[in-house]
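S.K.: Dumping the structure here so I can ask a few things about it.
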Amino acid sequence: MTSYRRFRADDLFKFNNVNLDPLTETYNFSFYFQYMAQWPDYFKVAESPSGTTMGYIMGKAEGTGKLWHGHVTALTVAPEYRRLGLADKFMNFLEEVSEKIYNAYFVDLFVRSSNAIAINMYHKFGYTVYRRVIDYYSGPESEDAFDMRKALPRDVNKESVVPLTRPVHPDELEWN
């Protein structure tokens, strides 16, 4: 039976099986600690009965006014635990926290434009592409991202998910 709980500092020493995926962003310890301290409600881990990390989600609340929203910073599931519904449970959890605790208008996330599997998964969860962000992912081969969004009940008219008609650059984002 899978158990879900709040992410703890010692989990940083147990999640290599999850973070070794090439599409998973790995951050420095201070980044994870900042999320644990500022947005503990958004940071959750799934464990197998043996205590193995199966996956985790981390997020935050950000923006102002009608741009107040929940943001998925990272969602990842170890390859051996995929297709068990963990990502769906994690996303439902983050959406519920965004709606009930933070009273957000929407949830957003950024995904590599080449990651068709993840994009299709997010579509199944009700997310739509709001805009393309040119060269969002840096490195030897920079890559565009899709900013995908899902309106929450507070956004009655679903204004937050009306797609932009042109791509943007990272310096044009409302929050960094």
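Naming works like this for the structure tokens: A, B, ... for the chains as they're shown, residue 1 at the start of each chain, ligands 1 onward in shown order.
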Compile the contact shell of Glu174 in chain A as number ranges by chain: residues with an atom at most 9 Å away, counting only C-alpha atoms, same-chain residues fewer than 2 positions apart removed.

M.R.: A: 63, 67, 171-172, 176

S.K.: Go ahead and write the residues just picked, C-alpha atoms, as an mmCIF file, in the first residue's frame.

M.R.:
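Heads up, here's the output in out_26.cif:
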data_model
loop_
_atom_site.group_PDB
_atom_site.id
_atom_site.type_symbol
_atom_site.label_atom_id
_atom_site.label_comp_id
_atom_site.auth_asym_id
_atom_site.auth_seq_id
_atom_site.Cartn_x
_atom_site.Cartn_y
_atom_site.Cartn_z
ATOM 1 C CA GLY A 63 1.163 35.864 -8.184
ATOM 2 C CA LEU A 67 -2.892 35.815 -11.295
ATOM 3 C CA ASP A 171 11.942 37.638 -19.206
ATOM 4 C CA GLU A 172 8.305 38.346 -20.116
ATOM 5 C CA ASN A 176 10.357 34.303 -12.041
#

S.K.: Can you tell me, as an MDAnalysis selection string, what residues are no more than 7 Å from range 71-81 of chain A when counting only C-alpha atoms, ignoring any on the same chain fewer than 6 positions away?

M.R.: chainID A and resid 17:18 24 54:61 107:109

S.K.: Please produce an output containing N, CA and C atoms for each residue in the selection, written as a PDB file, in the first residue's frame.

M.R.:
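The new file part17.pdb reads:
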ATOM      1  N   ASN A  17      16.557   7.400  -6.767  1.00  0.00           N
ATOM      2  CA  ASN A  17      15.855   6.542  -7.723  1.00  0.00           C
ATOM      3  C   ASN A  17      14.809   7.319  -8.516  1.00  0.00           C
ATOM      4  N   VAL A  18      14.338   8.415  -7.966  1.00  0.00           N
ATOM      5  CA  VAL A  18      13.345   9.246  -8.643  1.00  0.00           C
ATOM      6  C   VAL A  18      14.034  10.317  -9.484  1.00  0.00           C
ATOM      7  N   THR A  24      13.714  14.884 -15.134  1.00  0.00           N
ATOM      8  CA  THR A  24      13.462  15.448 -13.808  1.00  0.00           C
ATOM      9  C   THR A  24      14.532  16.480 -13.495  1.00  0.00           C
ATOM     10  N   MET A  54       8.701   6.591  -4.014  1.00  0.00           N
ATOM     11  CA  MET A  54       8.066   6.272  -5.289  1.00  0.00           C
ATOM     12  C   MET A  54       7.953   7.506  -6.185  1.00  0.00           C
ATOM     13  N   GLY A  55       7.829   8.669  -5.559  1.00  0.00           N
ATOM     14  CA  GLY A  55       7.693   9.916  -6.295  1.00  0.00           C
ATOM     15  C   GLY A  55       7.418  11.046  -5.337  1.00  0.00           C
ATOM     16  N   TYR A  56       7.394  12.264  -5.877  1.00  0.00           N
ATOM     17  CA  TYR A  56       7.077  13.428  -5.043  1.00  0.00           C
ATOM     18  C   TYR A  56       6.550  14.562  -5.905  1.00  0.00           C
ATOM     19  N   ILE A  57       5.928  15.495  -5.234  1.00  0.00           N
ATOM     20  CA  ILE A  57       5.477  16.729  -5.879  1.00  0.00           C
ATOM     21  C   ILE A  57       5.879  17.885  -4.977  1.00  0.00           C
ATOM     22  N   MET A  58       6.308  18.970  -5.598  1.00  0.00           N
ATOM     23  CA  MET A  58       6.583  20.194  -4.850  1.00  0.00           C
ATOM     24  C   MET A  58       6.003  21.362  -5.627  1.00  0.00           C
ATOM     25  N   GLY A  59       5.471  22.311  -4.890  1.00  0.00           N
ATOM     26  CA  GLY A  59       4.855  23.459  -5.537  1.00  0.00           C
ATOM     27  C   GLY A  59       4.859  24.653  -4.624  1.00  0.00           C
ATOM     28  N   LYS A  60       4.186  25.700  -5.073  1.00  0.00           N
ATOM     29  CA  LYS A  60       4.117  26.938  -4.299  1.00  0.00           C
ATOM     30  C   LYS A  60       2.914  27.743  -4.741  1.00  0.00           C
ATOM     31  N   ALA A  61       2.616  28.769  -3.962  1.00  0.00           N
ATOM     32  CA  ALA A  61       1.579  29.739  -4.328  1.00  0.00           C
ATOM     33  C   ALA A  61       2.292  31.031  -4.691  1.00  0.00           C
ATOM     34  N   VAL A 107      -4.032  26.580 -11.413  1.00  0.00           N
ATOM     35  CA  VAL A 107      -2.754  25.912 -11.180  1.00  0.00           C
ATOM     36  C   VAL A 107      -2.014  25.925 -12.507  1.00  0.00           C
ATOM     37  N   ASP A 108      -0.714  26.197 -12.450  1.00  0.00           N
ATOM     38  CA  ASP A 108       0.080  26.145 -13.671  1.00  0.00           C
ATOM     39  C   ASP A 108       1.320  25.298 -13.468  1.00  0.00           C
ATOM     40  N   LEU A 109       1.948  24.954 -14.591  1.00  0.00           N
ATOM     41  CA  LEU A 109       3.188  24.184 -14.585  1.00  0.00           C
ATOM     42  C   LEU A 109       3.893  24.441 -15.901  1.00  0.00           C
TER      43      LEU A 109
END

S.K.: Taking into account only C-alpha atoms, which residue in the set A:Phe146, A:Phe90, A:Tyr130, A:Tyr136 is nearest to Ser3 in chain A?

M.R.: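 Using only C-alpha atoms, the shortest distance to Ser3 in chain A belongs to A:Phe90.
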
S.K.: Could you pull out the alpha helix (DSSP H) residues of range 30-145 of chain A, going by DSSP on the backbone, and write them as a ChimeraX atom specification?

M.R.: /A:30-38,86-96,116-124

S.K.: Please produce a file of those selected residues containing N, CA and C atoms, as a PDB file, in the first residue's frame.

M.R.:
ATOM      1  N   SER A  30      19.475  23.853  -0.912  1.00  0.00           N
ATOM      2  CA  SER A  30      18.829  25.074  -0.405  1.00  0.00           C
ATOM      3  C   SER A  30      17.497  25.330  -1.096  1.00  0.00           C
ATOM      4  N   PHE A  31      17.375  24.936  -2.368  1.00  0.00           N
ATOM      5  CA  PHE A  31      16.116  25.101  -3.095  1.00  0.00           C
ATOM      6  C   PHE A  31      15.020  24.250  -2.456  1.00  0.00           C
ATOM      7  N   TYR A  32      15.336  22.983  -2.196  1.00  0.00           N
ATOM      8  CA  TYR A  32      14.359  22.097  -1.555  1.00  0.00           C
ATOM      9  C   TYR A  32      14.008  22.595  -0.150  1.00  0.00           C
ATOM     10  N   PHE A  33      15.017  23.040   0.586  1.00  0.00           N
ATOM     11  CA  PHE A  33      14.772  23.537   1.955  1.00  0.00           C
ATOM     12  C   PHE A  33      13.862  24.765   1.934  1.00  0.00           C
ATOM     13  N   GLN A  34      14.053  25.633   0.947  1.00  0.00           N
ATOM     14  CA  GLN A  34      13.199  26.813   0.822  1.00  0.00           C
ATOM     15  C   GLN A  34      11.740  26.396   0.641  1.00  0.00           C
ATOM     16  N   TYR A  35      11.491  25.413  -0.204  1.00  0.00           N
ATOM     17  CA  TYR A  35      10.125  24.947  -0.419  1.00  0.00           C
ATOM     18  C   TYR A  35       9.549  24.284   0.833  1.00  0.00           C
ATOM     19  N   MET A  36      10.376  23.502   1.526  1.00  0.00           N
ATOM     20  CA  MET A  36       9.903  22.861   2.758  1.00  0.00           C
ATOM     21  C   MET A  36       9.528  23.908   3.804  1.00  0.00           C
ATOM     22  N   ALA A  37      10.273  25.008   3.849  1.00  0.00           N
ATOM     23  CA  ALA A  37      10.025  26.052   4.844  1.00  0.00           C
ATOM     24  C   ALA A  37       8.876  26.971   4.441  1.00  0.00           C
ATOM     25  N   GLN A  38       8.825  27.388   3.170  1.00  0.00           N
ATOM     26  CA  GLN A  38       7.828  28.367   2.743  1.00  0.00           C
ATOM     27  C   GLN A  38       6.487  27.767   2.337  1.00  0.00           C
ATOM     28  N   LEU A  86      -0.064   7.493  -9.468  1.00  0.00           N
ATOM     29  CA  LEU A  86       0.565   8.383  -8.489  1.00  0.00           C
ATOM     30  C   LEU A  86       0.532   9.845  -8.943  1.00  0.00           C
ATOM     31  N   ALA A  87       0.859  10.090 -10.208  1.00  0.00           N
ATOM     32  CA  ALA A  87       0.874  11.474 -10.706  1.00  0.00           C
ATOM     33  C   ALA A  87      -0.505  12.108 -10.584  1.00  0.00           C
ATOM     34  N   ASP A  88      -1.546  11.346 -10.885  1.00  0.00           N
ATOM     35  CA  ASP A  88      -2.916  11.847 -10.764  1.00  0.00           C
ATOM     36  C   ASP A  88      -3.225  12.215  -9.312  1.00  0.00           C
ATOM     37  N   LYS A  89      -2.840  11.360  -8.376  1.00  0.00           N
ATOM     38  CA  LYS A  89      -3.066  11.646  -6.953  1.00  0.00           C
ATOM     39  C   LYS A  89      -2.292  12.884  -6.511  1.00  0.00           C
ATOM     40  N   PHE A  90      -1.032  12.981  -6.953  1.00  0.00           N
ATOM     41  CA  PHE A  90      -0.227  14.146  -6.602  1.00  0.00           C
ATOM     42  C   PHE A  90      -0.853  15.434  -7.139  1.00  0.00           C
ATOM     43  N   MET A  91      -1.290  15.414  -8.395  1.00  0.00           N
ATOM     44  CA  MET A  91      -1.872  16.620  -8.990  1.00  0.00           C
ATOM     45  C   MET A  91      -3.189  16.982  -8.310  1.00  0.00           C
ATOM     46  N   ASN A  92      -4.016  16.001  -7.999  1.00  0.00           N
ATOM     47  CA  ASN A  92      -5.261  16.284  -7.267  1.00  0.00           C
ATOM     48  C   ASN A  92      -4.962  16.912  -5.920  1.00  0.00           C
ATOM     49  N   PHE A  93      -3.944  16.404  -5.257  1.00  0.00           N
ATOM     50  CA  PHE A  93      -3.522  16.959  -3.965  1.00  0.00           C
ATOM     51  C   PHE A  93      -3.120  18.424  -4.126  1.00  0.00           C
ATOM     52  N   LEU A  94      -2.257  18.724  -5.103  1.00  0.00           N
ATOM     53  CA  LEU A  94      -1.787  20.100  -5.278  1.00  0.00           C
ATOM     54  C   LEU A  94      -2.933  21.031  -5.666  1.00  0.00           C
ATOM     55  N   GLU A  95      -3.833  20.551  -6.486  1.00  0.00           N
ATOM     56  CA  GLU A  95      -4.996  21.368  -6.862  1.00  0.00           C
ATOM     57  C   GLU A  95      -5.879  21.654  -5.650  1.00  0.00           C
ATOM     58  N   GLU A  96      -6.065  20.658  -4.801  1.00  0.00           N
ATOM     59  CA  GLU A  96      -6.878  20.851  -3.599  1.00  0.00           C
ATOM     60  C   GLU A  96      -6.239  21.846  -2.637  1.00  0.00           C
ATOM     61  N   ALA A 116       6.232  14.745 -24.867  1.00  0.00           N
ATOM     62  CA  ALA A 116       4.869  14.416 -25.304  1.00  0.00           C
ATOM     63  C   ALA A 116       4.117  13.557 -24.289  1.00  0.00           C
ATOM     64  N   ILE A 117       4.811  12.656 -23.622  1.00  0.00           N
ATOM     65  CA  ILE A 117       4.146  11.787 -22.635  1.00  0.00           C
ATOM     66  C   ILE A 117       3.570  12.628 -21.503  1.00  0.00           C
ATOM     67  N   ALA A 118       4.382  13.547 -20.975  1.00  0.00           N
ATOM     68  CA  ALA A 118       3.903  14.397 -19.879  1.00  0.00           C
ATOM     69  C   ALA A 118       2.800  15.337 -20.350  1.00  0.00           C
ATOM     70  N   ILE A 119       2.950  15.897 -21.528  1.00  0.00           N
ATOM     71  CA  ILE A 119       1.936  16.819 -22.053  1.00  0.00           C
ATOM     72  C   ILE A 119       0.595  16.099 -22.182  1.00  0.00           C
ATOM     73  N   ASN A 120       0.612  14.889 -22.722  1.00  0.00           N
ATOM     74  CA  ASN A 120      -0.633  14.111 -22.845  1.00  0.00           C
ATOM     75  C   ASN A 120      -1.222  13.791 -21.479  1.00  0.00           C
ATOM     76  N   MET A 121      -0.363  13.460 -20.522  1.00  0.00           N
ATOM     77  CA  MET A 121      -0.840  13.167 -19.175  1.00  0.00           C
ATOM     78  C   MET A 121      -1.533  14.405 -18.586  1.00  0.00           C
ATOM     79  N   TYR A 122      -0.901  15.564 -18.715  1.00  0.00           N
ATOM     80  CA  TYR A 122      -1.503  16.787 -18.166  1.00  0.00           C
ATOM     81  C   TYR A 122      -2.817  17.127 -18.875  1.00  0.00           C
ATOM     82  N   HIS A 123      -2.881  16.885 -20.183  1.00  0.00           N
ATOM     83  CA  HIS A 123      -4.160  17.080 -20.893  1.00  0.00           C
ATOM     84  C   HIS A 123      -5.246  16.208 -20.275  1.00  0.00           C
ATOM     85  N   LYS A 124      -4.924  14.939 -19.980  1.00  0.00           N
ATOM     86  CA  LYS A 124      -5.898  14.036 -19.357  1.00  0.00           C
ATOM     87  C   LYS A 124      -6.339  14.546 -17.993  1.00  0.00           C
TER      88      LYS A 124
END

S.K.: Please indicate the distance in Å from CA of Ser138 in chain A to CA of Pro170 in chain A, rounded to one decimal place.

M.R.: 10.6 Å

S.K.: Write out as a VMD selection string which residues come within 12 Å of Trp68 in chain A when counting only C-alpha atoms, dropping same-chain ones fewer than 4 positions away.

M.R.: chain A and resid 60 to 64 98 to 99 102 to 108 151 to 152 154 to 155 160 174 to 175

S.K.: What separation in Å, quoted to one decimal, exists between CA of Val111 in chain A and CA of Asp147 in chain A?

M.R.: 6.8 Å

S.K.: Pick out the closest residue to Val45 in chain A from this set: A:Leu23, A:Arg82, A:Gly70, A:Arg6. Count only C-alpha atoms.

M.R.: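 Closest residue, counting only C-alpha atoms: A:Arg6.
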
S.K.: Give me the residues within 9 Å of Pro167 in chain A as a PyMOL selection string, counting only C-alpha atoms and dropping any in the same chain fewer than 2 places off.

M.R.: chain A and resi 131-134+164-165+169

S.K.: If I take CA of Thr128 in chain A and CA of Ile101 in chain A, how far is one from the other in Å, to one decimal?

M.R.: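 Separating CA of Thr128 in chain A from CA of Ile101 in chain A is a distance of 23.3 Å.
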
S.K.: Using DSSP secondary structure from the backbone, list all strand (DSSP E) positions within chain A, as a ChimeraX atom specification.

M.R.: /A:3-6,44-47,53-62,69-77,106-112,128-137,143-151

S.K.: Pick the closest to Asn19 in chain A from A:Arg166, A:Tyr127, A:Pro153, A:Thr53: which is it, counting only C-alpha atoms?

M.R.: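 Closest candidate: A:Thr53.
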
S.K.: When you count only C-alpha atoms, which of these residues is closest to Lys44 in chain A: A:Met148, A:Leu20, A:Met1, A:Val97?

M.R.: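 Going through A:Met148, A:Leu20, A:Met1, A:Val97 one by one, the smallest distance to Lys44 in chain A is for A:Val97.
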
S.K.: Identify which of the residues A:Asp135, A:Ser142, A:Phe29, A:Val129 lies closest to Pro163 in chain A, counting only C-alpha atoms when measuring atom-to-atom distances.

M.R.: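 Using only C-alpha atoms, Pro163 in chain A sits closest to A:Val129.
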
S.K.: Could you tell me which of A:Phe110, A:Lys66, A:Glu47, A:Pro22 comes closest to Glu159 in chain A if we count only C-alpha atoms?

M.R.: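 For Glu159 in chain A, the nearest of the given residues is A:Lys66.
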